[in-house]
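K.L.:
So I've got this file, start-v4.cif, and it contains mmCIF, C-alpha atoms:
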data_start
#
loop_
_atom_site.label_atom_id
_atom_site.label_comp_id
_atom_site.auth_asym_id
_atom_site.auth_seq_id
_atom_site.Cartn_x
_atom_site.Cartn_y
_atom_site.Cartn_z
CA MET Q 16 8.07 -6.17 -10.38
CA SER Q 17 6.87 -5.97 -13.91
CA GLY Q 18 3.78 -4.18 -15.11
CA HIS Q 19 0.41 -5.77 -15.76
CA ASP Q 20 -0.47 -8.23 -18.50
CA HIS Q 21 -0.60 -5.84 -21.42
CA ASP Q 22 3.05 -4.82 -21.35
CA HIS Q 23 4.45 -8.21 -20.54
CA HIS Q 24 5.57 -10.48 -23.34
CA HIS Q 25 4.61 -13.87 -21.95
CA HIS Q 26 1.04 -12.66 -21.39
CA ASP Q 27 0.81 -10.95 -24.73
CA HIS Q 28 -1.77 -13.22 -26.24
CA ASP Q 29 -5.35 -13.18 -27.37
CA HIS Q 30 -7.54 -12.71 -24.31
CA SER Q 31 -10.11 -15.18 -25.61
CA GLU Q 32 -7.71 -18.01 -24.77
CA LEU Q 33 -7.08 -18.80 -21.14
CA SER Q 34 -3.59 -18.14 -19.85
CA GLU Q 35 -1.68 -20.55 -17.67
CA THR Q 36 -2.24 -18.19 -14.74
CA GLU Q 37 -5.97 -17.93 -15.43
CA LEU Q 38 -6.23 -21.74 -15.37
CA ARG Q 39 -4.10 -21.96 -12.23
CA VAL Q 40 -6.31 -19.49 -10.34
CA ARG Q 41 -9.53 -21.19 -11.50
CA ALA Q 42 -8.22 -24.56 -10.35
CA LEU Q 43 -7.07 -23.11 -7.04
CA GLU Q 44 -10.48 -21.58 -6.41
CA SER Q 45 -12.22 -24.89 -7.06
CA ILE Q 46 -9.76 -26.74 -4.77
CA LEU Q 47 -10.33 -24.26 -1.95
CA THR Q 48 -14.10 -24.31 -2.47
CA GLU Q 49 -14.23 -28.12 -2.55
CA LYS Q 50 -12.16 -28.28 0.64
CA GLY Q 51 -14.62 -25.91 2.28
CA TYR Q 52 -12.10 -23.13 2.95
CA VAL Q 53 -13.79 -20.44 0.86
CA ASP Q 54 -17.35 -19.57 -0.12
CA PRO Q 55 -17.43 -18.32 -3.74
CA ALA Q 56 -20.27 -15.94 -2.81
CA SER Q 57 -17.89 -14.22 -0.39
CA LEU Q 58 -15.32 -13.83 -3.17
CA ASP Q 59 -17.95 -12.20 -5.40
CA LEU Q 60 -18.83 -9.79 -2.60
CA LEU Q 61 -15.19 -8.85 -2.01
CA ILE Q 62 -14.68 -8.10 -5.71
CA ASP Q 63 -17.88 -6.08 -5.84
CA LEU Q 64 -16.81 -4.03 -2.80
CA TYR Q 65 -13.43 -3.10 -4.29
CA GLU Q 66 -14.69 -2.54 -7.85
CA LYS Q 67 -17.85 -0.61 -7.06
CA LYS Q 68 -17.94 0.78 -3.52
CA ILE Q 69 -14.38 1.55 -2.44
CA GLY Q 70 -12.56 3.99 -4.71
CA PRO Q 71 -11.16 7.49 -5.22
CA ARG Q 72 -14.65 9.01 -5.17
CA ASN Q 73 -14.53 8.53 -1.40
CA GLY Q 74 -11.31 10.52 -1.06
CA ILE Q 75 -12.68 13.14 -3.44
CA ARG Q 76 -15.57 13.74 -1.02
CA VAL Q 77 -13.11 14.13 1.86
CA VAL Q 78 -11.03 16.69 -0.03
CA ALA Q 79 -14.00 18.69 -1.34
CA LYS Q 80 -15.46 18.87 2.16
CA ALA Q 81 -12.12 20.01 3.60
CA TRP Q 82 -11.96 22.74 0.94
CA THR Q 83 -15.36 24.15 1.90
CA ASP Q 84 -15.58 23.49 5.64
CA PRO Q 85 -12.69 24.95 7.70
CA ASP Q 86 -13.77 23.09 10.85
CA TYR Q 87 -13.76 19.79 8.96
CA ARG Q 88 -10.34 20.60 7.49
CA ALA Q 89 -9.01 21.24 11.00
CA ARG Q 90 -10.43 17.93 12.29
CA LEU Q 91 -9.03 16.12 9.25
CA LEU Q 92 -5.50 17.41 9.83
CA LYS Q 93 -5.70 16.69 13.57
CA ASP Q 94 -7.28 13.19 13.52
CA ALA Q 95 -7.75 11.99 9.96
CA THR Q 96 -9.08 8.53 10.89
CA ALA Q 97 -11.96 10.05 12.87
CA ALA Q 98 -12.69 12.83 10.36
CA ILE Q 99 -12.77 10.36 7.46
CA ALA Q 100 -15.03 8.05 9.48
CA GLU Q 101 -17.50 10.95 9.77
CA LEU Q 102 -18.14 10.39 6.04
CA ASP Q 103 -18.51 6.66 6.73
CA TYR Q 104 -15.16 5.56 5.22
CA SER Q 105 -13.09 3.29 7.42
CA GLY Q 106 -11.51 -0.12 7.78
CA ARG Q 107 -9.04 -2.32 5.98
CA GLN Q 108 -5.87 -0.46 4.93
CA GLY Q 109 -7.20 2.78 6.37
CA GLU Q 110 -7.18 1.91 10.05
CA HIS Q 111 -4.67 4.64 10.94
CA MET Q 112 -4.99 7.61 8.59
CA VAL Q 113 -2.86 10.74 8.34
CA VAL Q 114 -3.75 13.61 5.98
CA VAL Q 115 -0.88 15.79 4.78
CA GLU Q 116 -1.66 19.22 3.36
CA ASN Q 117 -0.03 20.76 0.32
CA THR Q 118 0.84 24.44 0.70
CA PRO Q 119 2.49 26.98 -1.61
CA GLY Q 120 5.77 26.08 0.11
CA GLN Q 121 5.50 22.28 0.34
CA HIS Q 122 4.29 19.50 -1.94
CA ASN Q 123 3.62 16.04 -0.51
CA MET Q 124 3.92 12.70 -2.29
CA VAL Q 125 3.10 9.22 -0.96
CA VAL Q 126 4.82 5.93 -1.83
CA CYS Q 127 5.38 2.46 -0.44
CA THR Q 128 8.90 1.44 -1.45
CA LEU Q 129 8.59 -2.01 0.17
CA CYS Q 130 5.26 -3.18 -1.29
CA SER Q 131 2.02 -1.38 -2.18
CA CYS Q 132 0.60 0.22 0.99
CA TYR Q 133 -2.19 2.61 0.00
CA PRO Q 134 -5.26 4.08 1.78
CA HIS Q 135 -7.95 1.75 0.40
CA PRO Q 136 -11.08 3.21 2.09
CA VAL Q 137 -10.49 6.61 0.47
CA LEU Q 138 -8.63 5.72 -2.76
CA GLY Q 139 -9.56 2.09 -3.50
CA LEU Q 140 -6.95 -0.35 -4.77
CA PRO Q 141 -3.71 1.18 -6.05
CA PRO Q 142 -3.09 1.65 -9.79
CA VAL Q 143 -0.41 -0.50 -11.46
CA TRP Q 144 2.09 2.38 -11.64
CA TYR Q 145 1.91 2.90 -7.86
CA LYS Q 146 2.94 -0.75 -7.32
CA SER Q 147 5.57 -0.68 -10.08
CA ALA Q 148 9.34 -0.73 -9.67
CA PRO Q 149 9.87 2.64 -11.42
CA TYR Q 150 7.61 4.47 -8.95
CA ARG Q 151 8.72 2.62 -5.83
CA SER Q 152 12.40 3.14 -6.64
CA ARG Q 153 12.34 6.76 -7.79
CA ALA Q 154 9.66 8.46 -5.66
CA VAL Q 155 12.06 8.73 -2.70
CA SER Q 156 15.19 9.75 -4.63
CA ASP Q 157 13.92 11.67 -7.65
CA PRO Q 158 10.36 12.88 -6.98
CA ARG Q 159 10.70 15.79 -9.42
CA GLY Q 160 11.63 13.30 -12.14
CA VAL Q 161 8.59 11.20 -11.24
CA LEU Q 162 6.37 14.29 -11.35
CA LYS Q 163 7.72 15.00 -14.84
CA ASP Q 164 6.55 11.51 -15.89
CA PHE Q 165 3.08 12.71 -14.85
CA GLY Q 166 3.48 15.99 -16.71
CA VAL Q 167 3.77 18.01 -13.50
CA THR Q 168 6.44 20.66 -12.86
CA LEU Q 169 6.68 22.40 -9.51
CA PRO Q 170 8.47 25.68 -8.83
CA ASP Q 171 12.18 25.10 -8.04
CA ALA Q 172 11.75 26.58 -4.56
CA THR Q 173 8.85 24.32 -3.55
CA LYS Q 174 9.93 21.85 -0.88
CA ILE Q 175 9.03 18.24 -1.61
CA ARG Q 176 8.12 15.87 1.16
CA VAL Q 177 7.87 12.16 0.36
CA TRP Q 178 6.07 9.84 2.78
CA ASP Q 179 7.24 6.22 2.55
CA SER Q 180 4.40 4.09 3.99
CA THR Q 181 6.55 1.54 5.80
CA ALA Q 182 4.10 0.78 8.65
CA GLU Q 183 0.29 0.65 8.97
CA ILE Q 184 -0.14 4.43 8.85
CA ARG Q 185 -1.83 5.38 5.58
CA TYR Q 186 -1.40 8.81 4.00
CA LEU Q 187 -3.78 10.96 1.96
CA VAL Q 188 -2.61 14.21 0.38
CA LEU Q 189 -4.91 17.22 0.76
CA PRO Q 190 -4.18 19.19 -2.43
CA MET Q 191 -4.44 22.98 -2.60
CA ARG Q 192 -7.83 24.32 -3.65
CA PRO Q 193 -7.40 25.86 -7.10
CA GLU Q 194 -7.65 29.62 -7.42
CA GLY Q 195 -10.73 31.00 -9.12
CA THR Q 196 -13.11 28.66 -7.27
CA GLU Q 197 -14.40 31.17 -4.70
CA GLY Q 198 -18.01 30.46 -3.83
CA TRP Q 199 -18.01 27.00 -5.51
CA SER Q 200 -20.11 24.30 -3.87
CA GLU Q 201 -18.60 21.14 -2.47
CA GLU Q 202 -20.14 19.19 -5.35
CA LYS Q 203 -18.67 21.50 -7.99
CA LEU Q 204 -15.25 21.41 -6.34
CA ALA Q 205 -15.31 17.61 -6.27
CA ALA Q 206 -15.03 17.62 -10.07
CA LEU Q 207 -11.57 19.20 -9.72
CA VAL Q 208 -10.13 16.55 -7.40
CA THR Q 209 -8.21 13.73 -9.09
CA ARG Q 210 -6.92 10.48 -7.62
CA ASP Q 211 -3.33 11.42 -8.44
CA SER Q 212 -3.71 14.77 -6.65
CA MET Q 213 -4.48 12.80 -3.47
CA ILE Q 214 -1.30 10.68 -3.90
CA GLY Q 215 0.82 13.70 -4.76
CA THR Q 216 1.71 12.73 -8.33
CA GLY Q 217 -0.77 15.17 -9.76
CA LEU Q 218 -2.45 18.52 -9.12
CA PRO Q 219 -6.19 19.22 -9.05
CA LYS Q 220 -7.83 20.28 -12.30
CA GLN Q 221 -8.14 24.00 -12.95
CA PRO Q 222 -11.61 25.61 -13.04
CA GLY Q 223 -11.35 26.03 -16.83
CA GLU Q 224 -10.91 22.26 -17.30
CA VAL Q 225 -14.42 21.48 -16.09
CA SER Q 226 -17.61 23.08 -17.30
CA MET B 10 15.29 -9.39 4.38
CA ASP B 11 17.46 -7.57 1.87
CA GLY B 12 15.49 -8.47 -1.24
CA ALA B 13 14.27 -7.21 -4.60
CA HIS B 14 11.16 -5.75 -2.95
CA ASP B 15 13.22 -3.10 -1.10
CA MET B 16 13.30 -0.72 -4.05
CA GLY B 17 13.85 2.79 -2.67
CA GLY B 18 16.57 4.55 -4.65
CA VAL B 19 17.38 1.61 -6.96
CA LYS B 20 18.33 2.86 -10.44
CA GLY B 21 17.50 1.61 -13.90
CA PHE B 22 13.80 0.79 -13.75
CA GLY B 23 12.94 3.57 -16.19
CA PRO B 24 10.04 6.01 -16.24
CA VAL B 25 6.72 5.70 -14.43
CA VAL B 26 4.03 4.92 -17.00
CA PRO B 27 0.53 5.90 -15.84
CA GLU B 28 -2.36 4.16 -17.61
CA PRO B 29 -5.26 6.46 -18.55
CA ASP B 30 -8.67 5.29 -17.27
CA GLU B 31 -7.11 2.26 -15.65
CA PRO B 32 -9.56 -0.46 -14.55
CA VAL B 33 -9.42 -1.82 -10.99
CA PHE B 34 -8.40 -5.24 -12.34
CA HIS B 35 -6.90 -6.15 -15.71
CA ALA B 36 -8.13 -9.75 -15.97
CA GLU B 37 -10.71 -12.01 -14.37
CA TRP B 38 -7.98 -14.08 -12.70
CA GLU B 39 -6.70 -10.94 -10.94
CA ARG B 40 -10.16 -10.45 -9.39
CA ARG B 41 -10.24 -14.04 -8.16
CA ALA B 42 -6.62 -14.08 -6.93
CA PHE B 43 -7.25 -10.86 -5.02
CA ALA B 44 -10.47 -12.14 -3.43
CA LEU B 45 -9.00 -15.58 -2.63
CA THR B 46 -6.08 -13.92 -0.84
CA LEU B 47 -8.39 -11.77 1.30
CA ALA B 48 -10.82 -14.61 1.95
CA MET B 49 -8.12 -17.12 2.97
CA ALA B 50 -6.42 -14.93 5.59
CA ARG B 51 -8.74 -15.78 8.47
CA PRO B 52 -9.25 -19.49 7.69
CA GLY B 53 -5.52 -19.79 7.00
CA GLY B 54 -4.62 -18.10 10.27
CA TRP B 55 -1.82 -15.91 8.98
CA ASN B 56 -1.32 -12.17 9.55
CA ILE B 57 -0.49 -9.31 7.18
CA ASP B 58 3.23 -9.44 8.02
CA MET B 59 3.41 -13.14 7.15
CA THR B 60 1.63 -12.33 3.88
CA ARG B 61 4.15 -9.64 2.99
CA PHE B 62 7.07 -11.95 3.78
CA ALA B 63 5.58 -14.76 1.68
CA ARG B 64 5.54 -12.40 -1.32
CA GLU B 65 9.01 -10.88 -0.89
CA ASN B 66 10.91 -14.00 0.21
CA ARG B 67 11.94 -15.27 -3.22
CA PRO B 68 14.82 -14.91 -5.68
CA PRO B 69 15.09 -11.35 -7.04
CA GLN B 70 14.66 -12.52 -10.63
CA ASP B 71 11.41 -14.25 -9.64
CA TYR B 72 10.10 -11.22 -7.70
CA LEU B 73 10.96 -8.82 -10.52
CA SER B 74 9.50 -10.91 -13.35
CA LYS B 75 6.12 -11.54 -11.72
CA THR B 76 3.23 -9.09 -12.08
CA TYR B 77 1.64 -7.79 -8.89
CA TYR B 78 -1.16 -10.34 -8.65
CA GLU B 79 1.16 -13.16 -9.76
CA LEU B 80 3.13 -12.33 -6.61
CA TRP B 81 -0.06 -12.39 -4.57
CA LEU B 82 -0.90 -15.80 -6.01
CA ALA B 83 2.58 -17.16 -5.33
CA GLY B 84 2.46 -15.79 -1.77
CA LEU B 85 -0.97 -17.34 -1.15
CA GLU B 86 0.21 -20.74 -2.43
CA THR B 87 3.27 -20.60 -0.17
CA LEU B 88 1.24 -19.72 2.94
CA MET B 89 -1.28 -22.50 2.30
CA ILE B 90 1.35 -25.15 1.57
CA GLU B 91 3.34 -24.19 4.70
CA ARG B 92 0.24 -24.78 6.84
CA GLY B 93 -0.85 -28.02 5.19
CA LEU B 94 -4.06 -26.51 3.79
CA VAL B 95 -3.21 -27.69 0.29
CA THR B 96 -0.26 -29.58 -1.12
CA HIS B 97 2.15 -28.56 -3.84
CA GLU B 98 0.90 -31.58 -5.82
CA GLU B 99 -2.70 -30.39 -5.59
CA ILE B 100 -1.79 -26.95 -6.92
CA GLU B 101 0.17 -28.46 -9.81
CA ALA B 102 -2.56 -31.02 -10.58
CA GLY B 103 -5.32 -28.41 -10.24
CA ARG B 104 -7.57 -30.74 -8.24
CA VAL B 105 -8.12 -32.07 -4.72
CA LEU B 106 -5.82 -35.00 -3.85
CA ALA B 107 -5.91 -34.88 -0.04
CA PRO B 108 -8.66 -34.39 2.55
CA PRO B 109 -9.23 -30.86 3.89
CA LYS B 110 -7.52 -29.72 7.06
CA PRO B 111 -10.14 -30.17 9.79
CA GLY B 112 -11.74 -27.21 11.54
CA VAL B 113 -11.13 -24.61 8.82
CA LYS B 114 -14.21 -22.39 8.45
CA PRO B 115 -14.75 -20.16 5.41
CA VAL B 116 -15.65 -16.48 5.65
CA ALA B 117 -19.44 -16.36 5.20
CA PRO B 118 -20.94 -13.77 2.81
CA GLN B 119 -22.59 -11.86 5.66
CA GLU B 120 -19.19 -11.49 7.35
CA VAL B 121 -17.45 -9.85 4.37
CA THR B 122 -18.55 -6.22 4.61
CA PRO B 123 -18.25 -6.02 8.43
CA ALA B 124 -14.73 -7.52 8.26
CA ILE B 125 -13.57 -5.02 5.64
CA ARG B 126 -15.19 -2.15 7.55
CA ARG B 127 -13.45 -3.26 10.74
CA GLY B 128 -10.04 -3.84 9.17
CA GLY B 129 -7.14 -4.77 11.38
CA PRO B 130 -6.04 -1.89 13.60
CA THR B 131 -2.45 -2.39 14.78
CA GLU B 132 -2.27 0.08 17.69
CA ARG B 133 -1.84 -1.55 21.12
CA THR B 134 -1.62 -0.37 24.74
CA PRO B 135 1.95 0.66 25.59
CA SER B 136 3.79 -1.34 28.23
CA ALA B 137 6.68 1.13 28.60
CA PRO B 138 7.20 4.84 27.99
CA ALA B 139 8.53 5.98 24.61
CA LEU B 140 12.33 6.34 24.49
CA PHE B 141 12.30 9.18 21.97
CA ASN B 142 10.61 12.57 21.79
CA VAL B 143 9.48 14.63 18.84
CA GLY B 144 12.49 16.64 17.66
CA ASP B 145 15.09 14.06 18.74
CA VAL B 146 17.81 13.26 16.22
CA VAL B 147 18.16 9.51 15.76
CA ARG B 148 20.29 7.14 13.71
CA MET B 149 18.59 4.24 11.95
CA LYS B 150 20.24 0.96 12.85
CA ASP B 151 22.27 -0.77 10.17
CA ILE B 152 20.59 -4.17 10.40
CA HIS B 153 20.24 -6.91 7.78
CA PRO B 154 17.81 -9.54 9.08
CA VAL B 155 17.24 -12.56 6.86
CA THR B 156 13.59 -12.48 7.98
CA HIS B 157 10.88 -9.83 7.46
CA THR B 158 11.58 -6.21 8.35
CA ARG B 159 9.99 -2.89 7.43
CA LEU B 160 13.19 -0.86 7.72
CA PRO B 161 14.08 0.02 4.12
CA HIS B 162 17.75 -0.27 3.15
CA TYR B 163 18.08 3.33 1.97
CA VAL B 164 17.65 4.82 5.46
CA ARG B 165 19.84 2.36 7.39
CA GLY B 166 22.70 4.08 9.15
CA ARG B 167 21.25 7.53 8.30
CA LEU B 168 20.45 10.39 10.64
CA GLY B 169 16.86 11.56 10.89
CA THR B 170 14.58 13.60 13.13
CA ILE B 171 11.57 12.25 15.00
CA GLU B 172 8.58 14.11 13.66
CA SER B 173 5.68 12.32 15.32
CA ASN B 174 4.80 9.43 17.59
CA HIS B 175 1.91 7.20 16.46
CA GLY B 176 1.61 5.13 19.63
CA CYS B 177 2.53 1.47 20.09
CA HIS B 178 1.97 -0.78 17.07
CA VAL B 179 2.33 -4.48 16.26
CA PHE B 180 5.98 -5.10 15.31
CA PRO B 181 6.24 -6.81 11.89
CA ASP B 182 9.74 -8.23 12.42
CA VAL B 183 8.38 -10.48 15.21
CA ASN B 184 4.73 -10.81 14.13
CA SER B 185 5.80 -12.17 10.73
CA LEU B 186 7.56 -15.05 12.52
CA GLY B 187 4.44 -16.07 14.45
CA ARG B 188 6.07 -15.10 17.74
CA GLY B 189 3.37 -12.70 18.89
CA GLU B 190 2.62 -9.05 18.23
CA ASP B 191 5.45 -7.59 20.37
CA PRO B 192 4.14 -3.99 20.07
CA HIS B 193 6.64 -1.12 19.97
CA TRP B 194 6.45 2.65 19.70
CA LEU B 195 6.10 3.79 16.10
CA TYR B 196 7.54 7.12 14.94
CA THR B 197 7.63 9.12 11.73
CA VAL B 198 11.32 9.85 11.12
CA ARG B 199 12.20 12.57 8.59
CA PHE B 200 15.46 12.67 6.60
CA ASP B 201 17.04 15.44 4.59
CA GLY B 202 17.28 14.36 0.94
CA ARG B 203 21.05 14.91 0.93
CA GLU B 204 21.51 12.74 4.03
CA LEU B 205 20.07 9.89 1.93
CA TRP B 206 21.37 10.65 -1.57
CA GLY B 207 24.52 12.69 -1.05
CA LYS B 208 25.50 16.21 -2.01
CA GLU B 209 23.97 15.80 -5.48
CA GLY B 210 20.58 15.04 -3.95
CA ASP B 211 17.61 17.39 -4.47
CA PRO B 212 18.09 20.16 -1.86
CA THR B 213 14.33 20.68 -1.59
CA LEU B 214 13.64 17.02 -0.76
CA SER B 215 12.87 15.43 2.56
CA VAL B 216 11.70 11.85 2.97
CA SER B 217 10.12 10.12 5.93
CA VAL B 218 9.60 6.53 6.96
CA ASP B 219 7.49 5.13 9.77
CA ALA B 220 9.89 3.28 12.05
CA TRP B 221 9.43 1.19 15.18
CA GLU B 222 11.60 1.96 18.19
CA PRO B 223 13.84 -1.13 17.77
CA TYR B 224 15.00 0.33 14.43
CA LEU B 225 16.36 3.50 16.11
CA GLU B 226 19.36 4.46 18.17
CA ARG B 227 20.24 7.76 19.78
CA ALA B 228 22.46 9.85 17.52
#
Spit out the file's structure as structure tokens when you get a sec.

P.N.:
Amino acid sequence: MSGHDHDHHHHDHDHSELSETELRVRALESILTEKGYVDPASLDLLIDLYEKKIGPRNGIRVVAKAWTDPDYRARLLKDATAAIAELDYSGRQGEHMVVVENTPGQHNMVVCTLCSCYPHPVLGLPPVWYKSAPYRSRAVSDPRGVLKDFGVTLPDATKIRVWDSTAEIRYLVLPMRPEGTEGWSEEKLAALVTRDSMIGTGLPKQPGEVS
Amino acid sequence: MDGAHDMGGVKGFGPVVPEPDEPVFHAEWERRAFALTLAMARPGGWNIDMTRFARENRPPQDYLSKTYYELWLAGLETLMIERGLVTHEEIEAGRVLAPPKPGVKPVAPQEVTPAIRRGGPTERTPSAPALFNVGDVVRMKDIHPVTHTRLPHYVRGRLGTIESNHGCHVFPDVNSLGRGEDPHWLYTVRFDGRELWGKEGDPTLSVSVDAWEPYLERA
């Protein structure tokens, strides 16, 4: 699979003009609407849900709570679907959740080599790189090389565990709470959690990186 | 099927290029193609495994040259044409040329949020005890179906260890064919990196897949 429009020659045109694909999708939507198969208001709602309500901020809340509440962390590692539902996140592409915890000895990374499986209720829709051929091909064979692409280097001795999401189980990485954050509130800790740290291609920010 | 979508371990695709501050969608048509795909699933009557097969079942050069949502669009068109919801001619002409298929009801706006919140859980009640236990060493079958499967090529024939049992889940290989859900036990199977990639493989690496019981045999 190639990347998105901007790095793809046959789409490399002025965005004020409509592409062949744009016209094809518009025409398809009007055909399906005219035939009575879709309600355009439902399409608007779906887009609004995935652009505004479902996103990494949900996962960030889960991680920050797990960092401050040992009982919640224990429930999250035991039954992630139920623990995540406590924060009111559930449903499509997050029906069967597993949370995997990074430790000083093991780093976890999540991929879907066959398509683009990703835990939508906690992370939203996947970024282009997650769905791209470079990531899907190399995450399972050369995860340290992939981490380098993200500017991350792990100690040589750290074990790396890659989770290929081949079924309907969806994985969320629980990153390690950065040192120097003793006594921080859940809200303050949330500022350290990044989307990539919950996929395993990044690490949380350090306390000095946020004010 | 052994296709271009089965990418684990394939060489030559180059570096991963993250995009800073990436938007959820990169063009208006991506928003609409995404929403149309979600909104057509119930009226169209297909399941997630049929959707995945519709996207991957194409020539490798076609799969690899399409962007992500171009693949979604192509998959949606295929599924609708197969079921007589629209014709190829209508898609090419960009307008209605044939009457609608009777009895197809759209997803109403008030149904959207509840449907997304509900999702589509795939766990089912087991009809037989699990054949494997956590800790068992298993060999992944070396199978090459021409239809949909979720057994990636890079683990076929390899030895792994059962790490967990997730219960009985809808089996994509059968569900994608419209022959029922045929639930089977689903396990997480862990492999040593060198079992998959040879002696030169990263010694600190282990990889797991989630595999249904029919993919496994006793080692």

K.L.:
Which residues come within 7 Å of Pro181 of chain B, counting all atoms listed in the file, excluding same-chain residues fewer than 4 positions away, as an MDAnalysis selection string?

P.N.:
chainID B and resid 58 158 185

K.L.:
Which residues of chain Q sit at most 7 Å from chain B, using only C-alpha atoms? Give each one's shortest atom pair and distance in Å (one decimal place), in chain and ascending residue order, as CSV.

P.N.:
residue,atom,partner,partner_atom,distance
Q:Met16,CA,B:Leu73,CA,3.9
Q:Ser17,CA,B:Thr76,CA,5.1
Q:Gly18,CA,B:Thr76,CA,5.8
Q:His19,CA,B:Thr76,CA,5.7
Q:Glu37,CA,B:Trp38,CA,5.1
Q:Arg39,CA,B:Gly103,CA,6.9
Q:Val40,CA,B:Trp38,CA,6.1
Q:Ala42,CA,B:Gly103,CA,4.8
Q:Leu43,CA,B:Gly103,CA,6.4
Q:Ile46,CA,B:Val105,CA,5.6
Q:Lys50,CA,B:Pro109,CA,5.1
Q:Gly51,CA,B:Pro115,CA,6.5
Q:Tyr52,CA,B:Pro115,CA,4.7
Q:Val53,CA,B:Pro115,CA,4.7
Q:Asp54,CA,B:Pro115,CA,6.1
Q:Ala56,CA,B:Pro118,CA,6.1
Q:Ser57,CA,B:Pro118,CA,4.4
Q:Leu58,CA,B:Ala44,CA,5.1
Q:Leu61,CA,B:Ala44,CA,5.9
Q:Ile62,CA,B:Ala44,CA,6.3
Q:Glu66,CA,B:Val33,CA,6.2
Q:Ser105,CA,B:Arg126,CA,5.8
Q:Gly106,CA,B:Arg126,CA,4.2
Q:Arg107,CA,B:Gly128,CA,3.7
Q:Gln108,CA,B:Gly128,CA,6.8
Q:Glu110,CA,B:Pro130,CA,5.3
Q:Thr128,CA,B:Gly17,CA,5.3
Q:Leu129,CA,B:Asp15,CA,4.9
Q:Cys130,CA,B:His14,CA,6.6
Q:Leu140,CA,B:Val33,CA,6.9
Q:Trp144,CA,B:Pro27,CA,5.7
Q:Ala148,CA,B:Phe22,CA,6.2
Q:Pro149,CA,B:Phe22,CA,4.9
Q:Tyr150,CA,B:Val25,CA,5.7
Q:Arg151,CA,B:Met16,CA,5.9
Q:Ser152,CA,B:Gly17,CA,4.2
Q:Arg153,CA,B:Gly18,CA,5.7
Q:Val155,CA,B:Gly17,CA,6.2
Q:Ser156,CA,B:Gly18,CA,5.4
Q:Val161,CA,B:Val25,CA,6.6
Q:Asp164,CA,B:Val25,CA,6.0
Q:Thr173,CA,B:Thr213,CA,6.9
Q:Lys174,CA,B:Thr213,CA,4.6
Q:Ile175,CA,B:Leu214,CA,4.8
Q:Arg176,CA,B:Ser215,CA,5.0
Q:Val177,CA,B:Val216,CA,4.6
Q:Trp178,CA,B:Ser217,CA,5.1
Q:Asp179,CA,B:Val218,CA,5.0
Q:Ser180,CA,B:Val218,CA,6.5
Q:Thr181,CA,B:Asp219,CA,5.4
Q:Ala182,CA,B:Asp219,CA,5.6

K.L.:
With only C-alpha atoms as the counted atoms, please give the residues lying no more than 8 Å from Ser131 of chain Q, apart from itself and same-chain residues fewer than 4 positions off, as a PyMOL selection string.

P.N.:
chain Q and resi 126-127+141+145-146

K.L.:
So what does the PyMOL selection byres ((chain Q and resi 68-81) around 7) actually pick up in this one, as a CSV table (one decimal) with C-alpha atoms, keeping the file's coordinate frame?

P.N.:
chain,number,residue,atom,x,y,z
Q,64,LEU,CA,-16.8,-4.0,-2.8
Q,65,TYR,CA,-13.4,-3.1,-4.3
Q,66,GLU,CA,-14.7,-2.5,-7.8
Q,67,LYS,CA,-17.8,-0.6,-7.1
Q,82,TRP,CA,-12.0,22.7,0.9
Q,83,THR,CA,-15.4,24.2,1.9
Q,84,ASP,CA,-15.6,23.5,5.6
Q,85,PRO,CA,-12.7,25.0,7.7
Q,87,TYR,CA,-13.8,19.8,9.0
Q,88,ARG,CA,-10.3,20.6,7.5
Q,99,ILE,CA,-12.8,10.4,7.5
Q,136,PRO,CA,-11.1,3.2,2.1
Q,137,VAL,CA,-10.5,6.6,0.5
Q,138,LEU,CA,-8.6,5.7,-2.8
Q,139,GLY,CA,-9.6,2.1,-3.5
Q,189,LEU,CA,-4.9,17.2,0.8
Q,201,GLU,CA,-18.6,21.1,-2.5
Q,204,LEU,CA,-15.2,21.4,-6.3
Q,205,ALA,CA,-15.3,17.6,-6.3
Q,208,VAL,CA,-10.1,16.6,-7.4
Q,210,ARG,CA,-6.9,10.5,-7.6

K.L.:
List the residues selected by the PyMOL selection byres ((chain Q and resi 185) around 8) in the file shown, writing them as number ranges by chain.

P.N.:
Q: 108-113, 132-134, 180, 183-184, 186-187

K.L.:
Starting from 8 Å padding per side, set up an axis-aligned box that covers all listed atoms of segment 57-62 of chain B and hand over centre and edge lengths in Å, one decimal, as AutoDock Vina command-line options.

P.N.:
--center_x 3.3 --center_y -11.2 --center_z 5.5 --size_x 23.6 --size_y 19.8 --size_z 21.0

K.L.:
At what distance in Å, to one decimal, does atom CA of Met124 of chain Q lie from atom CA of Asn174 of chain B?

P.N.:
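Pair atom CA of Asn174 of chain B / atom CA of Met124 of chain Q returns 20.2 Å.
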
K.L.:
Could you tell me, as an NGL selection string, exactly which residues end up selected when the PyMOL selection byres ((chain B and resi 169) around 7) is applied to this structure?

P.N.:
:B and (146-148 or 167-168 or 170-171 or 198-200)

K.L.:
So, counting all atoms listed in the file, which residue among Q:Leu60, Q:Asn117, Q:Leu33, Q:Leu102 is closest to Gly217 of chain Q?

P.N.:
Q:Asn117

K.L.:
Record the distance separating atom CA of Met191 of chain Q and atom CA of Thr118 of chain Q, expressed in Å with one decimal.

P.N.:
6.4 Å

K.L.:
Mind pulling up the distance from atom CA of Phe141 of chain B to atom CA of Gly207 of chain B?

P.N.:
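Between these atoms lies a distance of 26.3 Å.
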
K.L.:
May I ask which of the residues B:His193, B:Arg227, B:Arg67, B:Lys208 is the closest one to Ala139 of chain B, counting all atoms listed in the file?

P.N.:
B:His193
